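Peer 1: my_file09.cif is the file, holding mmCIF, C-alpha atoms:
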```
data_entry
#
loop_
_atom_site.label_atom_id
_atom_site.label_comp_id
_atom_site.auth_asym_id
_atom_site.auth_seq_id
_atom_site.Cartn_x
_atom_site.Cartn_y
_atom_site.Cartn_z
CA MET A 30 -22.36 -3.78 -35.68
CA SER A 31 -18.77 -4.99 -35.65
CA ASP A 32 -15.88 -2.86 -34.43
CA PRO A 33 -12.44 -4.51 -34.76
CA ASP A 34 -10.95 -2.16 -32.14
CA ARG A 35 -13.61 -2.98 -29.55
CA VAL A 36 -12.22 -4.43 -26.31
CA LEU A 37 -14.05 -7.60 -25.32
CA PRO A 38 -14.85 -7.86 -21.62
CA ARG A 39 -13.65 -11.49 -21.46
CA GLN A 40 -11.68 -13.73 -23.74
CA VAL A 41 -9.56 -16.84 -23.95
CA VAL A 42 -6.03 -15.80 -24.86
CA ARG A 43 -4.22 -19.15 -24.63
CA ALA A 44 -5.35 -22.77 -24.56
CA VAL A 45 -2.32 -24.22 -22.72
CA PRO A 46 -1.95 -23.26 -20.03
CA PHE A 47 -5.51 -22.01 -20.22
CA THR A 48 -5.54 -18.23 -19.85
CA PHE A 49 -8.78 -16.31 -19.46
CA ARG A 50 -8.60 -12.52 -19.80
CA ARG A 51 -11.05 -9.99 -18.47
CA ARG A 52 -10.96 -6.22 -18.21
CA ILE A 53 -11.49 -5.00 -14.67
CA ALA A 54 -14.63 -2.87 -14.66
CA TRP A 55 -15.47 0.07 -12.41
CA GLY A 56 -18.17 -2.11 -10.81
CA ASP A 57 -15.47 -4.57 -9.68
CA SER A 58 -13.92 -1.94 -7.42
CA ASP A 59 -14.64 -0.59 -3.96
CA THR A 60 -14.41 2.94 -2.54
CA GLY A 61 -10.61 2.64 -2.51
CA ARG A 62 -10.69 2.31 -6.33
CA ILE A 63 -9.18 -1.19 -6.19
CA VAL A 64 -10.86 -4.53 -6.83
CA TYR A 65 -13.25 -5.41 -4.03
CA THR A 66 -11.97 -8.52 -2.22
CA GLY A 67 -15.19 -10.47 -2.79
CA ARG A 68 -14.82 -10.19 -6.58
CA PHE A 69 -11.64 -12.28 -6.64
CA LEU A 70 -13.57 -15.51 -6.09
CA ASP A 71 -15.83 -14.53 -9.01
CA PHE A 72 -12.72 -14.15 -11.20
CA VAL A 73 -11.50 -17.60 -10.16
CA MET A 74 -14.89 -19.23 -10.75
CA ASP A 75 -15.35 -17.51 -14.14
CA ALA A 76 -11.92 -18.72 -15.27
CA ALA A 77 -12.60 -22.27 -14.06
CA ASP A 78 -15.98 -22.34 -15.82
CA ALA A 79 -14.43 -21.03 -19.06
CA TRP A 80 -11.65 -23.65 -18.79
CA TRP A 81 -14.22 -26.41 -18.34
CA GLN A 82 -16.26 -25.13 -21.29
CA VAL A 83 -13.22 -25.09 -23.59
CA LEU A 84 -12.07 -28.50 -22.30
CA THR A 85 -15.43 -30.31 -22.57
CA GLY A 86 -17.53 -28.24 -24.96
CA HIS A 87 -20.14 -27.25 -22.39
CA ASP A 88 -20.27 -24.94 -19.39
CA TRP A 89 -21.29 -25.77 -15.82
CA HIS A 90 -24.87 -24.59 -16.33
CA ARG A 91 -25.43 -26.91 -19.29
CA MET A 92 -23.68 -29.79 -17.53
CA THR A 93 -25.97 -29.35 -14.53
CA VAL A 94 -29.25 -28.75 -16.38
CA GLU A 95 -28.83 -31.16 -19.30
CA HIS A 96 -26.61 -33.86 -17.79
CA GLY A 97 -27.54 -33.84 -14.09
CA HIS A 98 -23.98 -33.39 -12.86
CA GLY A 99 -22.23 -30.43 -11.30
CA LEU A 100 -18.84 -29.24 -10.12
CA PRO A 101 -19.42 -27.36 -6.87
CA ALA A 102 -16.47 -25.80 -5.11
CA VAL A 103 -15.69 -27.71 -1.91
CA HIS A 104 -12.57 -25.78 -0.89
CA VAL A 105 -10.83 -22.56 -1.88
CA ASP A 106 -7.48 -21.09 -0.78
CA MET A 107 -6.43 -17.67 -1.98
CA ASP A 108 -3.46 -15.38 -1.41
CA PHE A 109 -3.28 -11.76 -2.56
CA THR A 110 0.00 -10.21 -3.70
CA ARG A 111 -0.95 -6.93 -5.38
CA VAL A 112 -3.98 -4.71 -5.80
CA ILE A 113 -5.80 -4.45 -9.13
CA GLU A 114 -7.42 -1.26 -10.39
CA PRO A 115 -10.32 -0.66 -12.78
CA GLY A 116 -9.18 -0.61 -16.40
CA GLU A 117 -6.44 -3.22 -15.94
CA GLU A 118 -6.61 -6.44 -17.89
CA LEU A 119 -6.47 -9.52 -15.67
CA ASP A 120 -5.27 -12.87 -16.98
CA CYS A 121 -6.37 -15.89 -14.97
CA VAL A 122 -4.12 -18.86 -15.74
CA VAL A 123 -5.68 -22.24 -14.93
CA THR A 124 -3.75 -25.46 -14.33
CA VAL A 125 -4.74 -28.80 -12.77
CA VAL A 126 -2.72 -29.60 -9.67
CA ARG A 127 -4.50 -32.77 -8.51
CA LEU A 128 -6.93 -35.25 -10.01
CA GLY A 129 -8.75 -37.59 -7.65
CA THR A 130 -11.53 -40.10 -8.12
CA SER A 131 -14.40 -37.61 -7.88
CA SER A 132 -12.63 -34.31 -7.36
CA PHE A 133 -9.83 -32.23 -8.76
CA SER A 134 -7.87 -29.15 -7.74
CA LEU A 135 -7.22 -26.22 -10.02
CA ALA A 136 -4.54 -23.59 -9.48
CA VAL A 137 -5.59 -20.18 -10.73
CA SER A 138 -3.01 -17.43 -10.95
CA GLY A 139 -4.19 -13.84 -11.52
CA GLU A 140 -1.75 -11.66 -13.44
CA THR A 141 -1.79 -8.18 -14.97
CA ALA A 142 0.85 -6.28 -16.93
CA ASN A 143 2.16 -5.17 -13.50
CA GLY A 144 2.71 -8.73 -12.26
CA GLN A 145 1.01 -11.43 -10.25
CA CYS A 146 -1.96 -10.28 -8.16
CA PHE A 147 -3.26 -13.46 -6.56
CA THR A 148 -3.01 -17.21 -6.48
CA ALA A 149 -5.86 -19.53 -5.67
CA THR A 150 -6.49 -23.23 -5.34
CA LEU A 151 -10.02 -24.34 -6.16
CA VAL A 152 -11.12 -27.88 -5.27
CA GLN A 153 -14.21 -29.09 -7.10
CA ALA A 154 -16.20 -32.30 -6.63
CA TYR A 155 -17.98 -34.00 -9.52
CA MET A 156 -21.46 -34.73 -8.23
CA ASN A 157 -24.82 -36.13 -9.18
CA THR A 158 -27.05 -33.08 -8.69
CA ALA A 159 -30.25 -35.04 -7.97
CA ARG A 160 -28.61 -37.08 -5.20
CA ARG A 161 -26.23 -34.28 -4.13
CA LYS A 162 -23.48 -36.85 -3.79
CA ALA A 163 -19.99 -36.97 -5.23
CA VAL A 164 -19.56 -39.58 -7.96
CA PRO A 165 -16.47 -40.71 -9.86
CA LEU A 166 -15.46 -38.51 -12.77
CA PRO A 167 -16.46 -40.38 -15.96
CA GLU A 168 -13.54 -41.82 -17.90
CA HIS A 169 -14.01 -39.54 -20.93
CA LEU A 170 -13.84 -36.45 -18.69
CA ARG A 171 -10.94 -37.86 -16.68
CA LYS A 172 -9.05 -38.40 -19.95
CA LEU A 173 -9.66 -34.77 -21.00
CA VAL A 174 -8.33 -33.50 -17.65
CA GLU A 175 -5.30 -35.84 -17.78
CA ASP A 176 -4.52 -34.78 -21.35
CA TYR A 177 -4.73 -31.12 -20.30
CA GLN A 178 -2.38 -31.77 -17.35
CA GLN A 179 0.11 -33.41 -19.69
CA ALA A 180 -0.16 -30.58 -22.22
CA CYS A 181 0.60 -28.06 -19.46
CA ARG A 182 3.64 -30.05 -18.31
CA THR A 183 4.92 -30.22 -21.89
CA ALA A 184 4.22 -26.54 -22.56
CA THR A 185 6.16 -25.41 -19.49
CA LEU A 186 9.23 -27.64 -19.90
CA PRO A 187 12.44 -25.66 -20.35
CA ALA A 188 13.70 -25.49 -23.93
#
```
What's the structure tokens form of this structure?

Peer 2:
Amino acid sequence: MSDPDRVLPRQVVRAVPFTFRRRIAWGDSDTGRIVYTGRFLDFVMDAADAWWQVLTGHDWHRMTVEHGHGLPAVHVDMDFTRVIEPGEELDCVVTVVRLGTSSFSLAVSGETANGQCFTATLVQAYMNTARRKAVPLPEHLRKLVEDYQQACRTATLPA
């Protein structure tokens, strides 16, 4: 059954910079009726996974199971600037801030209609899952990430 007015729980709203929208559910909140602190990392990880899926055509699960490589988080920094309440729509904007040999850093900014709520930096290492060792990002993936970085720079240049 299709309902054109139905609100989807998650969606991609912009490709560059990649913006992943989700509606904040009641289950995301704590007894203070604001988003529980622990959920913020889930929001960041969901946005990063969706970005990767749009960029490469497959999500982390498929990459790990079918290709034997993963992107575990090796470092996360996060700052909170405003509370978020159930019912709000949260946009997580993903940009690449650093690209190394076997790792890269993503900046994720959480925003609602009321303004910015958090900023996070997520560092991920490309690894061989069988050996559990970081390996260089393959050239075809590196090119996709570099092209995305360039597209973001171009998209944000002043007119």

Peer 1: When distances are computed from only C-alpha atoms, which of A:Asn143, A:Ser132, A:Val125, A:Gly99 shows the smallest separation from Arg160 of chain A?

Peer 2: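 Answer, going by the shortest atom-to-atom distance: A:Gly99.
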
Peer 1: Skipping near chain neighbours, those fewer than 3 positions away, what residues fall within 12 Å of Leu128 of chain A using all atoms listed in the file, listed as a VMD selection string?

Peer 2: chain A and resid 124 to 125 131 to 136 151 to 155 165 to 166 170 to 178

Peer 1: Please identify all polymer residues within 12 Å of Gly144 of chain A, counting only C-alpha atoms, omitting same-chain residues fewer than 5 positions from it, and present them as an MDAnalysis selection string.

Peer 2: chainID A and resid 109:113 117:121 138:139

Peer 1: For a quick check of understanding, using only C-alpha atoms, which of A:Gly97, A:Val64, A:Asn157, A:Gln179 has the smallest distance to Val126 of chain A?

Peer 2: A:Gln179

Peer 1: Spell out the residues picked by the PyMOL selection byres ((chain A and resi 49) around 8) here, as an MDAnalysis selection string.

Peer 2: chainID A and resid 39:43 47:48 50:51 76 79:80 120:122

Peer 1: Keeping only C-alpha atoms, write the selected residues to a file as a compact mmCIF listing (two decimals), in the coordinates of the input.

Peer 2:
```txt
# COMPACT_ATOMS: atom_id res chain seq x y z
CA ARG A 39 -13.65 -11.49 -21.46
CA GLN A 40 -11.68 -13.73 -23.74
CA VAL A 41 -9.56 -16.84 -23.95
CA VAL A 42 -6.03 -15.80 -24.86
CA ARG A 43 -4.22 -19.15 -24.63
CA PHE A 47 -5.51 -22.01 -20.22
CA THR A 48 -5.54 -18.23 -19.85
CA ARG A 50 -8.60 -12.52 -19.80
CA ARG A 51 -11.05 -9.99 -18.47
CA ALA A 76 -11.92 -18.72 -15.27
CA ALA A 79 -14.43 -21.03 -19.06
CA TRP A 80 -11.65 -23.65 -18.79
CA ASP A 120 -5.27 -12.87 -16.98
CA CYS A 121 -6.37 -15.89 -14.97
CA VAL A 122 -4.12 -18.86 -15.74
```

Peer 1: Here is a test: counting all atoms listed in the file, which residue of A:Ala44, A:Ala54, A:Asp59, A:Phe72 is nearest to Met107 of chain A?

Peer 2: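 For Met107 of chain A, the nearest of the given residues is A:Phe72.
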
Peer 1: Can you tell me how far atom CA of His90 of chain A sits from atom CA of Tyr65 of chain A, in Å to one decimal?

Peer 2: 25.6 Å

Peer 1: When you count all atoms listed in the file, which of these residues is closest to His96 of chain A: A:Gln145, A:Thr66, A:Thr158, A:Thr60?

Peer 2: A:Thr158

Peer 1: Interatomic distance between atom CA of Thr141 of chain A and atom CA of Phe69 of chain A?

Peer 2: 13.5 Å

Peer 1: Tell me which of A:Pro46, A:His169, A:Cys146, A:Cys181 sits closest to Thr85 of chain A, counting all atoms listed in the file.

Peer 2: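 Going through A:Pro46, A:His169, A:Cys146, A:Cys181 one by one, the smallest distance to Thr85 of chain A is for A:His169.
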
Peer 1: Find the residues around Trp89 of chain A up to 10 Å (only C-alpha atoms counted), leave out those fewer than 2 positions away in its own chain, and share them as an NGL selection string.

Peer 2: :A and (77-79 or 81-82 or 87 or 91-96 or 98-101)

Peer 1: Please, what distance in Å, to one decimal, runs between atom CA of Gly129 of chain A and atom CA of Met74 of chain A?

Peer 2: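 The value is 19.6 Å.
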
Peer 1: Nearest residue to Ala102 of chain A out of A:Ala142, A:Val73, A:Ala180, A:Val45, using only C-alpha atoms?

Peer 2: A:Val73
